[in-house]
Structure formats: C-alpha cells, structure tokens
Amino acid sequence: MEPERKKLPIGIEMFRKIRTAGFYYVDKTGFIKDLLTSWAEVNLITRPRRFGKTLNMDMLRTFFEPDTDPILFQGLKISEYSDLCNAYMGKYPVISISLKDVEGCNFEQARDMLGAVINEEAMNFQMLMDSPRLTEYEKKQFERLLLEDFEKTSFLTGSLKLLLSLLSKHYGKQVILLIDEYDVPLDKAYQNNYYSQMVSLVRSLFSQALKTNRHLQFAVITGCLRIAKESIFTGFNNFKVRTISDTDYAEHFGFTDNEARSLLAYYEIEDSYDTIKEWYNGYHFGGTNIYCPRDVLNQCDKLRVAKDAPMEAYWENSSSNAIVKDIIVNSTATTRNQIETLISGESIEKKLIPELTYTDLDNEDQETRQTYLWSILFATGYLTDVRKPENRLHQLTIPNREILGIYTDKIRSWFQSKITSNTARWNHFCNAVKTGNAADFQTLFNEIMSESISIRDTFVKKELKENFYHGMLLGLLQTVSDWIVKSNLESGIGFTDILIEIPAEKTGCIIEIKYAENGAYDDVCSQAMRQIEDHNYTSLLMQHDMKVIHTYGIACYKKSCRIAYRRNA
C-alpha cells in the first residue's frame with residue numbers, strides 16, 4: 001500500500017493552515033532568525049510576485065502574535081534558536097495588512113478600499129473595546145475604525161498609527177507591523193490616472209505609522225518594486241531595503257535547488273528534475289539560484305498524478321505582462337536587437353535604476369524611459385542578473401523557459417497586429433498560401449520576418465527555435481476568419497506542424513517548419529517535404545474531402561526562410 005503523503009499547498013498562503021492541515025511545507029522560518037539578528041526598525045523586502053512573500057508574512061504574524069502555539073514551529077529551523085523563541089515567540093501584538101486589493105477606477109474607490117482593509121484588521125482586535133487600559137476617548141477612536149468612519153482623509157492616514165498606539169497601551173508592549181504588497185495601490189493608481197493622489201495618501205499613512213513611532217517594535221514591508229524614498233519613504237532614517245540583488249534573505253523567498261530536489265523526491269517525481277529546472281529555475285537572488293515556488297508546486301501537483309504531464313506556464317497568469325508589451329511595442333531598433341539577444345538565450349548588459357517612481361515611465365526621453373522599463377523587467381522577474389553588478393551594470397538574461405514563453409507570446413501578438421494592419425500585403429500573403437504560390441509566400445514571409453524580432457543561431461535548443469517560427473506563422477494564419485487552422489494535429493502516422501482547411505474552396509494546406517542550422521536551407525526543406533510524405537500528413541485533409549492540397553516545407557534561419565512546395569490534387 002502506497003504511503004499517504006502530505007497535500008501540496010496550492011494557493012494556500014496561511015502558515016497555520018499548512019502546519020495543521022497536513023500540507024507539505026518548505027521551511028522558511030530561518031527568515032525569522034535573520035530578521036531578528038540583522039535588526040532594522042523598518043524592513044522593505046522586494047521580490048517578484050508569486051515568490052512566497054504573503055506566506056512568509058503570515059508566518060511572521062503567527063510566530064510573534066500573543067499566545068501562539070509553539071507546536072506550529074516544532075521541528076522547524078527557528079526552533080533551533082531557543083533564545084530567540086523564548087524572547088519573541090508569542091510575545092508581541094501584530095498588525096498585518098495586505099494592500100493587494102487596494103485599487104479602483106478612481107481615487108475615491110481606491111481610498112475606500114484602503115479604509116476597508118484597515119477596518120478588517122481592526123476587527124481582529126475588538127477586545128480593545130473592553131480594555132481596562134484604554135480611556136473612553138481612545139475606545140471611541142477605536143470604534144471609528146470598527147465603523148469604517150474614514151470620511152476624513154486625515155483619520156484614514158492616521159489609522160495605523162492609532163491602532164499601533166492602542167495595541168501598545170493594551171498589551172504594554174511595542175507592536176510589530178506587517179504590510180504586504182505595498183506597491184500595488186501605486187501600480188493601479190498609475191494605470192487609472194490618480195497616481196499623485198495615491199502617493200500622497202500612502203506617504204502620509206506610512207510616515208505616521210513608521211517614522212519615529214515609540215509604539216513600533218519593527219515593521220516588515222513587501223512589494224515588487226522599490227519605490228523611491230522621495231516618493232513614499234521621505235525622511236526615513238530607520239529604513240533598510242533588501243532587493244533581489246542583495247545577499248540578505250536570498251534563500252527565504254522562492255525555493256532553493258535543494259528544496260526543489262527534496263520536494264520532487266518526496267512525491268517520487270525526481271525524474272522530472274531537469275525539466276522542472278529548465279522551466280522554473282534561473283532566478284538569481286543575491287547570487288542564490290531560486291525557483292518560482294508557485295510554479296513548482298503546481299507542476300508537481302500535475303506530475304504526481306501523471307508523470308508524463310506536459311509542462312505548463314503558471315507565473316504568466318499572475319500578471320498582466322503589460323510591461324513586456326510596452327517594451328516591445330515602443331522599442332527602438334537597438335532595443336529590438338537586444339530582445340533578440342535575450343530570447344536567443346544570451347545576455348545583455350544594462351545599467352539599472354534601483355529606486356523607481358511610476359511617473360518615470362512617462363519620461364519623454366526614449367533612452368531614459370527604456371532604462372526604467374529594463375529596471376522594472378528586472379525587479380518584477382522578467383529578467384534576472386547572472387553576475388554580481390559592477391558599477392550598477394547588470395548582466396541580464398531571461399531566467400527560464402516559462403518566462404521565455406511570455407516574451408515570445410507577446411512578440412507574436414504584437415507582430416501579428418502589426419503585420420495584419422497592412423491590409424494589401426496581408427491579403428496578398430494569404431492568397432499566396434491558399435493558391436500554392438510558393439514564390440510569393442516565400443518573398444512575403446521573408447519581408448514580414450525582416451520587420452520582426454527573430455531568434456539567433458545560438459546554443460538555444462533546435463526545438464525552441466523551431467517552436468518560435470512555428471508560433472509566429474501559426475499566429476498569423478489563425479487570424480483568417482474563414483480558415484480552419486490547427487497546430488500539431490495528428491494526421492497519418494505523425495503530427496503535422498500546421499494544417500489548414502478552407503472549406504468554401506475545398507482547399508487544404510500542410511506546413512512543416514524546421515530550423516536550418518547554419519543556413520542549410522535546401523537540405524532542411526527537403527527533410528520537411530520528406531516528412532510530410534513519409535508520415536502521410538495529407539491523409540486527414542483527404543478524409544475531409546479537400547480537393548486541392550498544398551504542402552509546404554519551410555526552412556527558417558535568423559530573419560529569412562526558404563520554402564519548398566508540392567501540390568496534391
């Protein structure tokens with residue numbers, strides 16, 4: 001009988017639930033020890049989304065909050081430090097809020113959402129209404145928090161400071177403050193054109209709660225971007241920042257290689273290690289190689305059920321990816337060349353800006369704006385640094401196959417929109433494919449590719465190069481509304497790259513795409529045509545009563561192609 005294994009904590013960000021409900025836990029409690037021993041009164045930690053920030057913040061809350069159960073931490077790394085556990089575990093009141101849902105179409109809506117978040121946290125401390133240590137006036141002020149009485153902005157911006165002081169007086173101890181996803185309201189405000197108002201609100205809220213506050217033990221703030229001190233943290237002198245470039249805390253967010261190996265071994269899917277690493281590893285935090293934990297957990301969940309489950313992209317759905325589109329659509333020829341370098345598996349050298357404001361994205365100077373965009377791509381996990389920065393110069397590369405897929409998908413989307421907007425040329429291209437005019441098909445496809453981003457002849461796997469061109473052509477052909485276009489469809493004794501049916505004209509097309517290493521077009525075209533014939537790819541079209549069938553063998557290399565053609569009638 002198979003041993004019963006712990007459940008995978010897919011989407012669970014509550015430490016107590018993971019520890020009490022039979023879930024697998026990758027021990028990150030060493031973060032508590034490092035936080036306490038490398039002391040700072042205000043700690044800002046930036047990491048990309050989906051790297052365990054929220055779970056770590058809940059772990060902190062659980063560790064410090066009054067009367068926590070020590071069993072929750074039994075056997076974990078922090079339990080090895082008995083002096084720290086005796087001094088801090090269960091000994092401090094904790095305020096913990098997340099700003100991830102603070103957004104709105106306008107400032108008023110976002111302001112109300114912020115009030116709702118603080119109200120929800122205040123509801124956890126209703127015992128303050130009966131506290132013998134609070135005056136009646138203080139209880140009335142707290143009641144305003146419970147009633148969400150934030151009509152006056154001044155009361156909202158002072159609400160965290162008020163809650164800190166009330167809890168400190170009730171417990172007779174300073175309070176720990178945890179703020180997760182602090183930059184989300186600013187991102188949403190920028191997108192909806194009320195950025196300056198939101199900056200002013202958040203600056204005042206943070207300043208009152210965090211700056212020279214005798215009720216504060218310490219604070220931990222997390223987010224994706226390091227927003228400039230002049231924007232949010234003006235005048236702070238009790239402030240320490242740990243970004244993805246810093247060695248401190250590097251192993252506490254995301255999975256290390258050993259942690260990923262142990263997880264795979266536990267579920268007996270260690271044979272998938274190389275593929276998991278190719279897809280989800282590659283981030284470098286302070287010199288430590290890190291996997292995206294959300295992706296590893298989700299894929300393990302698939303693999304433990306079916307060991308041949310295909311790899312999937314999970315991180316992509318956690319972000320709008322608008323920044324990738326922005327840098328591609330508004331790119332200069334130099335930037336497009338650099339993107340080609342990246343998607344070919346090479347690196348580029350860039351000077352990055354560690355502190356950002358969203359208004360920097362609107363800088364009219366193209367070079368300056370591009371610098372900010374590269375900086376955001378790095379901070380948000382779309383790029384990683386493969387060496388320690390020298391004179392603020394970073395050696396940037398795409399971290400893994402999953403993120404490479406985001407780039408190529410966005411490139412295809414932009415490319416498709418741009419190409420199809422030239423109606424006359426686009427109609428000519430489609431007509432050439434449909435009628436078997438291979439010469440025009442080749443000429444136009446070469447012209448189209450010359451305007452796009454290509455993949456270079458580097459060490460990138462041949463399979464990935466072929467997938468790039470395959471995806472490019474497939475995306476273009478799928479825009480034709482009255483064509484049935486399918487990819488990797490089983491036909492004959494294999495899977496054809498692209499199959500097209502044009503029912504109104506009883507015409508079909510088979511397209512096989514291959515990468516021509518070192519420009520060996522003729523040999524590769526011949527291989528593609530032989531594969532179509534040997535595997536009988538036209539059989540499905542014949543079954544569907546297509547009277548005319550065009551077969552194309554396409555060899556692609558850098559920004560050009562050659563097309564072999566045969567007509568089956």
# chains A, B, ... in the order shown; residues from 1 in each chain; ligands from 1
$ residues_around --residues "Leu128 of chain A" --least-positions-apart "6" --cutoff "9 Å" --atoms "only C-alpha atoms" --output "PyMOL selection string"
chain A and resi 134+139+142+166-167+170
$ write_last_selection --atoms "N, CA, C and O atoms" --output "PDB file, in the first residue's frame"
ATOM      1  N   LEU A 134      -7.424  51.336  28.341  1.00  0.00           N
ATOM      2  CA  LEU A 134      -7.754  52.407  27.401  1.00  0.00           C
ATOM      3  C   LEU A 134      -8.786  53.350  27.999  1.00  0.00           C
ATOM      4  O   LEU A 134      -9.709  52.918  28.712  1.00  0.00           O
ATOM      5  N   LYS A 139     -11.294  54.469  23.267  1.00  0.00           N
ATOM      6  CA  LYS A 139     -12.230  53.447  22.789  1.00  0.00           C
ATOM      7  C   LYS A 139     -13.155  54.007  21.707  1.00  0.00           C
ATOM      8  O   LYS A 139     -13.508  53.313  20.748  1.00  0.00           O
ATOM      9  N   PHE A 142     -11.198  54.061  18.570  1.00  0.00           N
ATOM     10  CA  PHE A 142     -11.121  52.706  18.013  1.00  0.00           C
ATOM     11  C   PHE A 142     -12.451  52.308  17.385  1.00  0.00           C
ATOM     12  O   PHE A 142     -12.492  51.648  16.335  1.00  0.00           O
ATOM     13  N   LEU A 166      -2.972  52.060  20.387  1.00  0.00           N
ATOM     14  CA  LEU A 166      -3.978  51.388  21.223  1.00  0.00           C
ATOM     15  C   LEU A 166      -3.519  49.985  21.616  1.00  0.00           C
ATOM     16  O   LEU A 166      -3.673  49.574  22.775  1.00  0.00           O
ATOM     17  N   LEU A 167      -2.966  49.245  20.646  1.00  0.00           N
ATOM     18  CA  LEU A 167      -2.491  47.894  20.953  1.00  0.00           C
ATOM     19  C   LEU A 167      -1.288  47.938  21.901  1.00  0.00           C
ATOM     20  O   LEU A 167      -1.167  47.106  22.815  1.00  0.00           O
ATOM     21  N   HIS A 170      -2.636  48.611  25.375  1.00  0.00           N
ATOM     22  CA  HIS A 170      -3.380  47.466  25.907  1.00  0.00           C
ATOM     23  C   HIS A 170      -2.435  46.356  26.365  1.00  0.00           C
ATOM     24  O   HIS A 170      -2.606  45.784  27.446  1.00  0.00           O
TER      25      HIS A 170
END
$ atom_distance --atom1 "atom CA of His550 of chain A" --atom2 "atom CA of Ala439 of chain A"
13.2 Å
$ select_by_dssp --residues "segment 138-346 of chain A" --states "helix (DSSP H, G or I)" --output "ChimeraX atom specification"
/A:138-146,153-157,159-171,184-191,195-210,250-252,257-266,270-280,293-303,315-318,322-329,333-343
$ closest_residue --among "A:Gln338, A:His394, A:Val386, A:Leu201" --to "Thr288 of chain A" --atoms "only C-alpha atoms"
A:Val386
$ closest_residue --among "A:Asp180, A:Asp385, A:Asp130, A:Glu251" --to "Ser347 of chain A" --atoms "only C-alpha atoms"
A:Asp385
$ closest_residue --among "A:Phe206, A:Pro66, A:Leu60, A:Asp248" --to "Leu178 of chain A" --atoms "only C-alpha atoms"
A:Leu60
$ atom_distance --atom1 "atom CA of Tyr280 of chain A" --atom2 "atom CA of Asn298 of chain A"
11.0 Å
$ residues_around --residues "Phe255 of chain A" --least-positions-apart "5" --cutoff "7 Å" --atoms "only C-alpha atoms" --output "PyMOL selection string"
chain A and resi 260+290-293
$ select_by_dssp --residues "segment 252-288 of chain A" --states "strand (DSSP E or B)" --output "list in words"
Phe255, Tyr283, His284, Phe285 and Thr288 of chain A
$ residues_around --residues "Thr435 of chain A" --least-positions-apart "6" --cutoff "10 Å" --atoms "only C-alpha atoms" --output "compact mmCIF listing (two decimals) with N, CA, C and O atoms, in the first residue's frame"
# COMPACT_ATOMS: atom_id res chain seq x y z
N PHE A 441 4.70 33.46 -51.41
CA PHE A 441 4.67 33.08 -50.00
C PHE A 441 6.05 33.31 -49.40
O PHE A 441 6.21 33.95 -48.35
N THR A 507 -10.04 23.44 -50.26
CA THR A 507 -8.59 23.52 -50.36
C THR A 507 -7.97 23.33 -48.97
O THR A 507 -8.49 23.84 -47.97
N GLY A 508 -6.87 22.60 -48.94
CA GLY A 508 -6.16 22.39 -47.68
C GLY A 508 -4.68 22.64 -47.84
O GLY A 508 -4.14 22.62 -48.95
N CYS A 509 -4.00 22.89 -46.73
CA CYS A 509 -2.55 23.13 -46.74
C CYS A 509 -1.90 22.37 -45.59
O CYS A 509 -2.46 22.30 -44.49
N VAL A 548 -8.01 20.08 -53.37
CA VAL A 548 -6.66 20.55 -53.67
C VAL A 548 -5.89 20.67 -52.36
O VAL A 548 -6.38 21.28 -51.39
N ILE A 549 -4.68 20.11 -52.32
CA ILE A 549 -3.87 20.16 -51.10
C ILE A 549 -2.48 20.71 -51.45
O ILE A 549 -1.79 20.16 -52.32
N HIS A 550 -2.09 21.78 -50.78
CA HIS A 550 -0.77 22.37 -50.95
C HIS A 550 0.11 21.95 -49.78
O HIS A 550 -0.29 22.08 -48.62
N ARG A 567 2.14 20.34 -54.93
CA ARG A 567 0.67 20.39 -55.00
C ARG A 567 0.16 18.96 -55.11
O ARG A 567 0.66 18.18 -55.92
$ closest_residue --among "A:Thr46, A:Tyr182, A:Pro503, A:Leu383" --to "Glu355 of chain A" --atoms "only C-alpha atoms"
A:Thr46
